[in-house]
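The file work21.cif contains mmCIF, C-alpha atoms:
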data_entry
#
loop_
_atom_site.group_PDB
_atom_site.id
_atom_site.type_symbol
_atom_site.label_atom_id
_atom_site.label_comp_id
_atom_site.auth_asym_id
_atom_site.auth_seq_id
_atom_site.Cartn_x
_atom_site.Cartn_y
_atom_site.Cartn_z
ATOM 1 C CA MET A 1 39.274 19.345 -9.380
ATOM 2 C CA LEU A 2 37.912 16.013 -10.657
ATOM 3 C CA TYR A 3 36.083 15.613 -13.961
ATOM 4 C CA GLY A 4 34.085 12.867 -15.686
ATOM 5 C CA ALA A 5 35.205 9.335 -14.865
ATOM 6 C CA GLU A 6 37.562 10.515 -12.095
ATOM 7 C CA MET A 7 34.640 12.189 -10.302
ATOM 8 C CA ALA A 8 32.439 9.101 -10.726
ATOM 9 C CA ALA A 9 35.194 6.828 -9.438
ATOM 10 C CA SER A 10 35.728 8.938 -6.336
ATOM 11 C CA ALA A 11 32.005 9.363 -5.530
ATOM 12 C CA PRO A 12 30.784 7.418 -2.496
ATOM 13 C CA GLN A 13 29.013 4.236 -3.571
ATOM 14 C CA ARG A 14 25.570 3.407 -2.250
ATOM 15 C CA PRO A 15 24.565 -0.212 -1.819
ATOM 16 C CA SER A 16 22.355 -1.627 -4.563
ATOM 17 C CA LEU A 17 18.634 -1.317 -3.966
ATOM 18 C CA ARG A 18 18.496 -5.001 -4.916
ATOM 19 C CA SER A 19 19.921 -5.757 -1.491
ATOM 20 C CA LYS A 20 16.758 -6.430 0.485
ATOM 21 C CA THR A 21 18.664 -6.016 3.739
ATOM 22 C CA VAL A 22 19.275 -2.291 3.175
ATOM 23 C CA PRO A 23 16.381 -0.218 4.565
ATOM 24 C CA LEU A 24 14.891 2.267 2.116
ATOM 25 C CA ASP A 25 15.616 5.173 4.472
ATOM 26 C CA ASP A 26 19.366 4.556 4.087
ATOM 27 C CA TYR A 27 19.100 6.108 0.651
ATOM 28 C CA GLY A 28 17.644 9.438 1.746
ATOM 29 C CA ASP A 29 16.109 11.711 -0.854
ATOM 30 C CA ASN A 30 19.211 12.214 -3.004
ATOM 31 C CA PHE A 31 19.491 9.055 -5.044
ATOM 32 C CA GLU A 32 18.216 8.002 -8.418
ATOM 33 C CA ARG A 33 15.324 5.714 -7.666
ATOM 34 C CA PRO A 34 14.736 2.718 -9.907
ATOM 35 C CA ALA A 35 11.476 2.647 -11.854
ATOM 36 C CA MET A 36 8.459 1.564 -9.843
ATOM 37 C CA ILE A 37 6.224 -1.148 -11.247
ATOM 38 C CA ILE A 38 2.771 -2.223 -10.087
ATOM 39 C CA ARG A 39 2.027 -5.947 -10.303
ATOM 40 C CA ASP A 40 -0.127 -8.623 -8.694
ATOM 41 C CA GLY A 41 0.964 -9.566 -5.199
ATOM 42 C CA ALA A 42 2.311 -13.101 -4.926
ATOM 43 C CA ILE A 43 3.285 -15.576 -2.244
ATOM 44 C CA GLN A 44 6.970 -14.610 -2.568
ATOM 45 C CA ASP A 45 6.046 -11.045 -1.458
ATOM 46 C CA VAL A 46 4.605 -12.110 1.909
ATOM 47 C CA GLU A 47 7.868 -11.811 3.869
ATOM 48 C CA GLN A 48 8.558 -8.214 2.755
ATOM 49 C CA MET A 49 4.899 -7.186 3.133
ATOM 50 C CA SER A 50 4.804 -8.542 6.673
ATOM 51 C CA ALA A 51 8.124 -6.896 7.573
ATOM 52 C CA PHE A 52 6.955 -3.388 6.800
ATOM 53 C CA LEU A 53 3.514 -3.995 8.320
ATOM 54 C CA ARG A 54 5.425 -4.714 11.557
ATOM 55 C CA GLN A 55 7.105 -1.306 11.155
ATOM 56 C CA LEU A 56 3.670 0.309 10.760
ATOM 57 C CA THR A 57 2.475 -1.528 13.884
ATOM 58 C CA ALA A 58 5.531 -0.387 15.856
ATOM 59 C CA SER A 59 4.903 3.221 14.808
ATOM 60 C CA GLY A 60 1.262 3.033 15.968
ATOM 61 C CA LYS A 61 -0.217 3.270 12.456
ATOM 62 C CA ARG A 62 -1.572 -0.285 12.387
ATOM 63 C CA THR A 63 -3.503 -2.372 14.892
ATOM 64 C CA SER A 64 -4.377 -5.445 12.786
ATOM 65 C CA PRO A 65 -2.122 -8.513 12.762
ATOM 66 C CA ASP A 66 1.085 -8.182 10.734
ATOM 67 C CA ASP A 67 2.527 -11.704 10.685
ATOM 68 C CA GLU A 68 3.194 -13.651 7.483
ATOM 69 C CA ALA A 69 0.259 -16.030 7.990
ATOM 70 C CA PHE A 70 -2.136 -13.053 8.245
ATOM 71 C CA VAL A 71 -0.670 -11.403 5.133
ATOM 72 C CA ARG A 72 -0.972 -14.630 3.151
ATOM 73 C CA ALA A 73 -4.545 -15.340 4.289
ATOM 74 C CA HIS A 74 -5.975 -11.807 4.122
ATOM 75 C CA TYR A 75 -4.169 -10.266 1.157
ATOM 76 C CA ILE A 76 -2.649 -12.887 -1.153
ATOM 77 C CA GLU A 77 -5.054 -15.842 -0.801
ATOM 78 C CA ASP A 78 -8.275 -14.214 0.473
ATOM 79 C CA PRO A 79 -11.251 -15.870 -1.273
ATOM 80 C CA ASP A 80 -13.030 -12.470 -1.483
ATOM 81 C CA LYS A 81 -9.997 -10.832 -3.112
ATOM 82 C CA VAL A 82 -10.648 -8.753 -6.195
ATOM 83 C CA ARG A 83 -7.005 -7.716 -6.470
ATOM 84 C CA CYS A 84 -3.908 -7.282 -4.326
ATOM 85 C CA SER A 85 -1.317 -5.096 -6.038
ATOM 86 C CA VAL A 86 2.245 -4.440 -4.961
ATOM 87 C CA ALA A 87 4.435 -1.510 -5.916
ATOM 88 C CA GLU A 88 7.997 -2.671 -6.423
ATOM 89 C CA ALA A 89 11.262 -0.976 -7.320
ATOM 90 C CA ASP A 90 14.286 -3.124 -8.053
ATOM 91 C CA GLY A 91 13.006 -6.079 -6.028
ATOM 92 C CA VAL A 92 11.914 -4.030 -2.999
ATOM 93 C CA ILE A 93 8.205 -3.846 -2.107
ATOM 94 C CA LEU A 94 7.324 -0.181 -1.562
ATOM 95 C CA GLY A 95 3.673 -0.729 -0.752
ATOM 96 C CA PHE A 96 0.594 -2.769 -1.485
ATOM 97 C CA GLN A 97 -3.120 -2.282 -1.845
ATOM 98 C CA SER A 98 -5.808 -4.859 -1.269
ATOM 99 C CA LEU A 99 -9.315 -4.771 -2.716
ATOM 100 C CA LYS A 100 -11.846 -7.378 -1.695
ATOM 101 C CA ARG A 101 -15.582 -7.782 -2.112
ATOM 102 C CA ALA A 102 -17.554 -7.244 1.112
ATOM 103 C CA GLY A 103 -19.479 -10.310 2.181
ATOM 104 C CA VAL A 104 -22.460 -10.600 4.491
ATOM 105 C CA GLY A 105 -21.448 -9.954 8.119
ATOM 106 C CA ASN A 106 -17.968 -8.564 7.308
ATOM 107 C CA LYS A 107 -16.103 -7.132 10.311
ATOM 108 C CA TRP A 108 -16.215 -3.572 8.937
ATOM 109 C CA GLY A 109 -20.010 -3.466 8.554
ATOM 110 C CA VAL A 110 -19.645 -2.614 4.866
ATOM 111 C CA LYS A 111 -22.647 -3.237 2.618
ATOM 112 C CA PRO A 112 -22.297 -6.644 0.922
ATOM 113 C CA GLY A 113 -21.158 -6.315 -2.676
ATOM 114 C CA TRP A 114 -19.138 -3.139 -2.104
ATOM 115 C CA GLY A 115 -15.370 -3.197 -2.254
ATOM 116 C CA ILE A 116 -13.180 -2.944 0.846
ATOM 117 C CA ILE A 117 -9.770 -1.371 0.334
ATOM 118 C CA GLY A 118 -6.610 -1.427 2.418
ATOM 119 C CA THR A 119 -3.481 0.542 1.533
ATOM 120 C CA HIS A 120 -0.102 -0.090 3.135
ATOM 121 C CA ILE A 121 2.978 1.924 2.193
ATOM 122 C CA HIS A 122 6.500 1.226 3.456
ATOM 123 C CA PRO A 123 7.290 4.098 5.869
ATOM 124 C CA ALA A 124 10.395 5.092 3.882
ATOM 125 C CA ALA A 125 8.384 5.211 0.621
ATOM 126 C CA ALA A 126 5.657 7.540 1.929
ATOM 127 C CA ARG A 127 4.801 10.648 -0.089
ATOM 128 C CA ARG A 128 6.508 9.332 -3.247
ATOM 129 C CA GLY A 129 3.427 8.552 -5.373
ATOM 130 C CA VAL A 130 3.192 4.880 -4.417
ATOM 131 C CA GLY A 131 -0.396 5.089 -3.134
ATOM 132 C CA ARG A 132 -1.585 7.074 -6.150
ATOM 133 C CA ALA A 133 -0.029 4.527 -8.547
ATOM 134 C CA LEU A 134 -1.586 1.614 -6.656
ATOM 135 C CA PHE A 135 -5.033 3.220 -6.614
ATOM 136 C CA ALA A 136 -5.024 3.765 -10.380
ATOM 137 C CA ILE A 137 -4.793 -0.032 -10.800
ATOM 138 C CA THR A 138 -7.244 -0.795 -7.978
ATOM 139 C CA ARG A 139 -9.834 1.606 -9.359
ATOM 140 C CA LYS A 140 -9.677 -0.132 -12.739
ATOM 141 C CA ALA A 141 -9.994 -3.564 -11.083
ATOM 142 C CA ALA A 142 -13.040 -2.353 -9.102
ATOM 143 C CA GLY A 143 -14.767 -1.273 -12.292
ATOM 144 C CA GLU A 144 -13.934 -4.561 -14.035
ATOM 145 C CA ALA A 145 -15.322 -6.478 -11.022
ATOM 146 C CA GLY A 146 -18.597 -4.551 -11.197
ATOM 147 C CA LEU A 147 -18.215 -2.844 -7.823
ATOM 148 C CA SER A 148 -20.232 0.344 -7.427
ATOM 149 C CA TYR A 149 -18.522 1.629 -4.259
ATOM 150 C CA ILE A 150 -15.287 1.054 -2.357
ATOM 151 C CA ASP A 151 -15.127 1.484 1.429
ATOM 152 C CA ALA A 152 -12.034 2.617 3.315
ATOM 153 C CA SER A 153 -12.547 2.202 7.079
ATOM 154 C CA ILE A 154 -9.763 4.272 8.635
ATOM 155 C CA ALA A 155 -8.746 4.733 12.269
ATOM 156 C CA ALA A 156 -9.783 8.224 13.322
ATOM 157 C CA THR A 157 -6.246 8.604 14.729
ATOM 158 C CA ASN A 158 -4.541 8.119 11.333
ATOM 159 C CA PRO A 159 -4.442 11.555 9.666
ATOM 160 C CA GLU A 160 -2.090 10.414 6.871
ATOM 161 C CA ALA A 161 -4.495 7.696 5.725
ATOM 162 C CA LEU A 162 -7.489 10.014 6.010
ATOM 163 C CA ALA A 163 -5.729 12.607 3.838
ATOM 164 C CA TYR A 164 -4.624 9.974 1.311
ATOM 165 C CA TYR A 165 -8.125 8.588 0.769
ATOM 166 C CA GLU A 166 -9.604 12.098 0.578
ATOM 167 C CA ALA A 167 -7.022 12.973 -2.107
ATOM 168 C CA MET A 168 -8.029 9.837 -4.059
ATOM 169 C CA GLY A 169 -11.665 10.997 -4.091
ATOM 170 C CA PHE A 170 -13.106 9.079 -1.131
ATOM 171 C CA ARG A 171 -15.688 10.935 0.956
ATOM 172 C CA THR A 172 -16.813 10.342 4.533
ATOM 173 C CA TYR A 173 -20.171 8.563 4.738
ATOM 174 C CA ARG A 174 -20.246 7.183 8.298
ATOM 175 C CA THR A 175 -18.293 7.437 11.531
ATOM 176 C CA PRO A 176 -18.626 4.438 13.837
ATOM 177 C CA GLU A 177 -16.686 4.751 17.089
ATOM 178 C CA GLY A 178 -12.947 5.064 16.456
ATOM 179 C CA LEU A 179 -13.288 4.975 12.662
ATOM 180 C CA ILE A 180 -13.927 7.317 9.805
ATOM 181 C CA CYS A 181 -15.404 5.404 6.889
ATOM 182 C CA LYS A 182 -14.952 6.877 3.460
ATOM 183 C CA ARG A 183 -16.431 5.629 0.217
ATOM 184 C CA PHE A 184 -15.427 5.998 -3.391
ATOM 185 C CA ASP A 185 -17.997 5.994 -6.190
ATOM 186 C CA VAL A 186 -16.436 3.746 -8.831
ATOM 187 C CA SER A 187 -18.684 5.140 -11.584
ATOM 188 C CA VAL A 188 -17.298 8.674 -11.266
#

In C-alpha cells, how does this file's structure come out?
Amino acid sequence: MLYGAEMAASAPQRPSLRSKTVPLDDYGDNFERPAMIIRDGAIQDVEQMSAFLRQLTASGKRTSPDDEAFVRAHYIEDPDKVRCSVAEADGVILGFQSLKRAGVGNKWGVKPGWGIIGTHIHPAAARRGVGRALFAITRKAAGEAGLSYIDASIAATNPEALAYYEAMGFRTYRTPEGLICKRFDVSV
C-alpha cells in the first residue's frame, strides 16, 4: 500500500489546464478545478470564444455566425456594448455573456433602450455555475447603465437556454415565430 508522497508520485498526471489545446471534457468531473474569474472580454479572447461557438453551432445550439470576425465585431467591439464578460479558469475561457443596448430597428425587435443579452457557455463547462456567475456581473452592469429591462430572445428549440434564463429570473413576454423572448426587470 502506498502512502503520502509515494501515492502522489504514482498517481496518474493530468495535463495542466493552462494547456489551451486540451479540451475541458478531458478532465471529466473528478479533478480540482482552478478558481473561476469573471473579467471584461478582450481582443485576445476572440480565438477561444469563436472556437467554442463553433462547437455550439456543430451541436445545433447556435445558428448565428461563429467566426472570429463576428465575435470581435458583435461582442468585443460592438458600439452598443454595455459589457461583455468572460468566465476564465487558468487561462481557459469557460463562457461569456454579452449585454448591449437595443437600438432602433434592431434585428430582435427589442424596444430601443432595453438591454439585449447573449450567454454562451463552453459545452464542457455547462451546469458548473458559469452562467450564474456571469449574470451576477451583467445584472450589475445593466443597473449601472440605467437599463430597465433586459431581453433574451431564445430559439424555441433550445430548452437549456430557456431553463437558464428562467432560473435567472427572466419571464416570457412575447413569442415571435421560432423564438421565446424573455425579459428581466433590472429594478427587481

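Of the listed residues A:Gln55, A:Gly60, A:Pro79, A:Ser98, the one whose atoms come nearest to Gly41 in chain A is A:Ser98, with distances taken using all atoms listed in the file.
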
Might you pull out every residue within 9 Å of Tyr165 in chain A, with only C-alpha atoms counted and same-chain residues fewer than 4 positions away left off, and present them as a PDB file with C-alpha atoms, in the frame of the given file?
ATOM      1  CA  ALA A 152     -12.034   2.617   3.315  1.00  0.00           C
ATOM      2  CA  GLU A 160      -2.090  10.414   6.871  1.00  0.00           C
ATOM      3  CA  ALA A 161      -4.495   7.696   5.725  1.00  0.00           C
ATOM      4  CA  GLY A 169     -11.665  10.997  -4.091  1.00  0.00           C
ATOM      5  CA  PHE A 170     -13.106   9.079  -1.131  1.00  0.00           C
ATOM      6  CA  ARG A 171     -15.688  10.935   0.956  1.00  0.00           C
ATOM      7  CA  LYS A 182     -14.952   6.877   3.460  1.00  0.00           C
ATOM      8  CA  ARG A 183     -16.431   5.629   0.217  1.00  0.00           C
ATOM      9  CA  PHE A 184     -15.427   5.998  -3.391  1.00  0.00           C
TER      10      PHE A 184
END

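This file, filtered with the PyMOL selection byres ((chain A and resi 49) around 9), gives the residues A:Asp45, A:Val46, A:Glu47, A:Gln48, A:Ser50, A:Ala51, A:Phe52, A:Leu53, A:Arg54, A:Asp66, A:Glu68, A:Val71, A:Val86, A:Ile93, A:Leu94, A:Gly95, A:Phe96, A:His120, A:His122.
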
Please dump the current selection as an mmCIF file, keeping the file's coordinate frame; keep C-alpha atoms.
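The resulting file, out_2.cif, is reproduced below:
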data_model
loop_
_atom_site.group_PDB
_atom_site.id
_atom_site.type_symbol
_atom_site.label_atom_id
_atom_site.label_comp_id
_atom_site.auth_asym_id
_atom_site.auth_seq_id
_atom_site.Cartn_x
_atom_site.Cartn_y
_atom_site.Cartn_z
ATOM 1 C CA ASP A 45 6.046 -11.045 -1.458
ATOM 2 C CA VAL A 46 4.605 -12.110 1.909
ATOM 3 C CA GLU A 47 7.868 -11.811 3.869
ATOM 4 C CA GLN A 48 8.558 -8.214 2.755
ATOM 5 C CA SER A 50 4.804 -8.542 6.673
ATOM 6 C CA ALA A 51 8.124 -6.896 7.573
ATOM 7 C CA PHE A 52 6.955 -3.388 6.800
ATOM 8 C CA LEU A 53 3.514 -3.995 8.320
ATOM 9 C CA ARG A 54 5.425 -4.714 11.557
ATOM 10 C CA ASP A 66 1.085 -8.182 10.734
ATOM 11 C CA GLU A 68 3.194 -13.651 7.483
ATOM 12 C CA VAL A 71 -0.670 -11.403 5.133
ATOM 13 C CA VAL A 86 2.245 -4.440 -4.961
ATOM 14 C CA ILE A 93 8.205 -3.846 -2.107
ATOM 15 C CA LEU A 94 7.324 -0.181 -1.562
ATOM 16 C CA GLY A 95 3.673 -0.729 -0.752
ATOM 17 C CA PHE A 96 0.594 -2.769 -1.485
ATOM 18 C CA HIS A 120 -0.102 -0.090 3.135
ATOM 19 C CA HIS A 122 6.500 1.226 3.456
#

Hits from the PyMOL selection byres ((chain A and resi 82) around 7), listed as an mmCIF file with C-alpha atoms, in the coordinates of the input:
data_model
loop_
_atom_site.group_PDB
_atom_site.id
_atom_site.type_symbol
_atom_site.label_atom_id
_atom_site.label_comp_id
_atom_site.auth_asym_id
_atom_site.auth_seq_id
_atom_site.Cartn_x
_atom_site.Cartn_y
_atom_site.Cartn_z
ATOM 1 C CA ASP A 80 -13.030 -12.470 -1.483
ATOM 2 C CA LYS A 81 -9.997 -10.832 -3.112
ATOM 3 C CA ARG A 83 -7.005 -7.716 -6.470
ATOM 4 C CA LEU A 99 -9.315 -4.771 -2.716
ATOM 5 C CA LYS A 100 -11.846 -7.378 -1.695
ATOM 6 C CA ARG A 101 -15.582 -7.782 -2.112
#

Exercise for the section: Kindly give the distance, in Å, that separates CA of Thr157 in chain A and CA of Arg62 in chain A, rounded to a single decimal. Expected result: 10.3 Å

Where does range 103-145 of chain A meet range 176-179 of chain A within 12 Å, residue by residue, with the nearest atom pair and distance in Å to one decimal for each, counting only C-alpha atoms, listed by chain and rising number, as JSON lines?
{"residue": "A:Trp108", "atom": "CA", "partner": "A:Pro176", "partner_atom": "CA", "distance": 9.7}
{"residue": "A:Gly109", "atom": "CA", "partner": "A:Pro176", "partner_atom": "CA", "distance": 9.6}
{"residue": "A:Val110", "atom": "CA", "partner": "A:Pro176", "partner_atom": "CA", "distance": 11.5}

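Reported to one decimal place, the separation of CA of Tyr75 in chain A from CA of Ile43 in chain A is 9.8 Å.
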
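Closest approach to Arg39 in chain A among A:Ser85, A:Thr172, A:Ser153, A:Gln97 is made by A:Ser85 (distances from all atoms listed in the file).
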
Exercise for the section: Convert the output of the PyMOL selection byres ((chain A and resi 139) around 10) on the shown file into explicit residues, formatted as an MDAnalysis selection string. Expected result: chainID A and resid 99 134:138 140:145 147 150 168 184:187

Handout entry: Counting all atoms listed in the file, the residue of A:Cys181, A:Lys61, A:Ala167, A:Met36 that sits nearest Ile117 in chain A
Key = A:Cys181

Problem - Atomic distance CA of Thr119 in chain A - CA of Gly131 in chain A, expressed in Å with one decimal - result: 7.2 Å
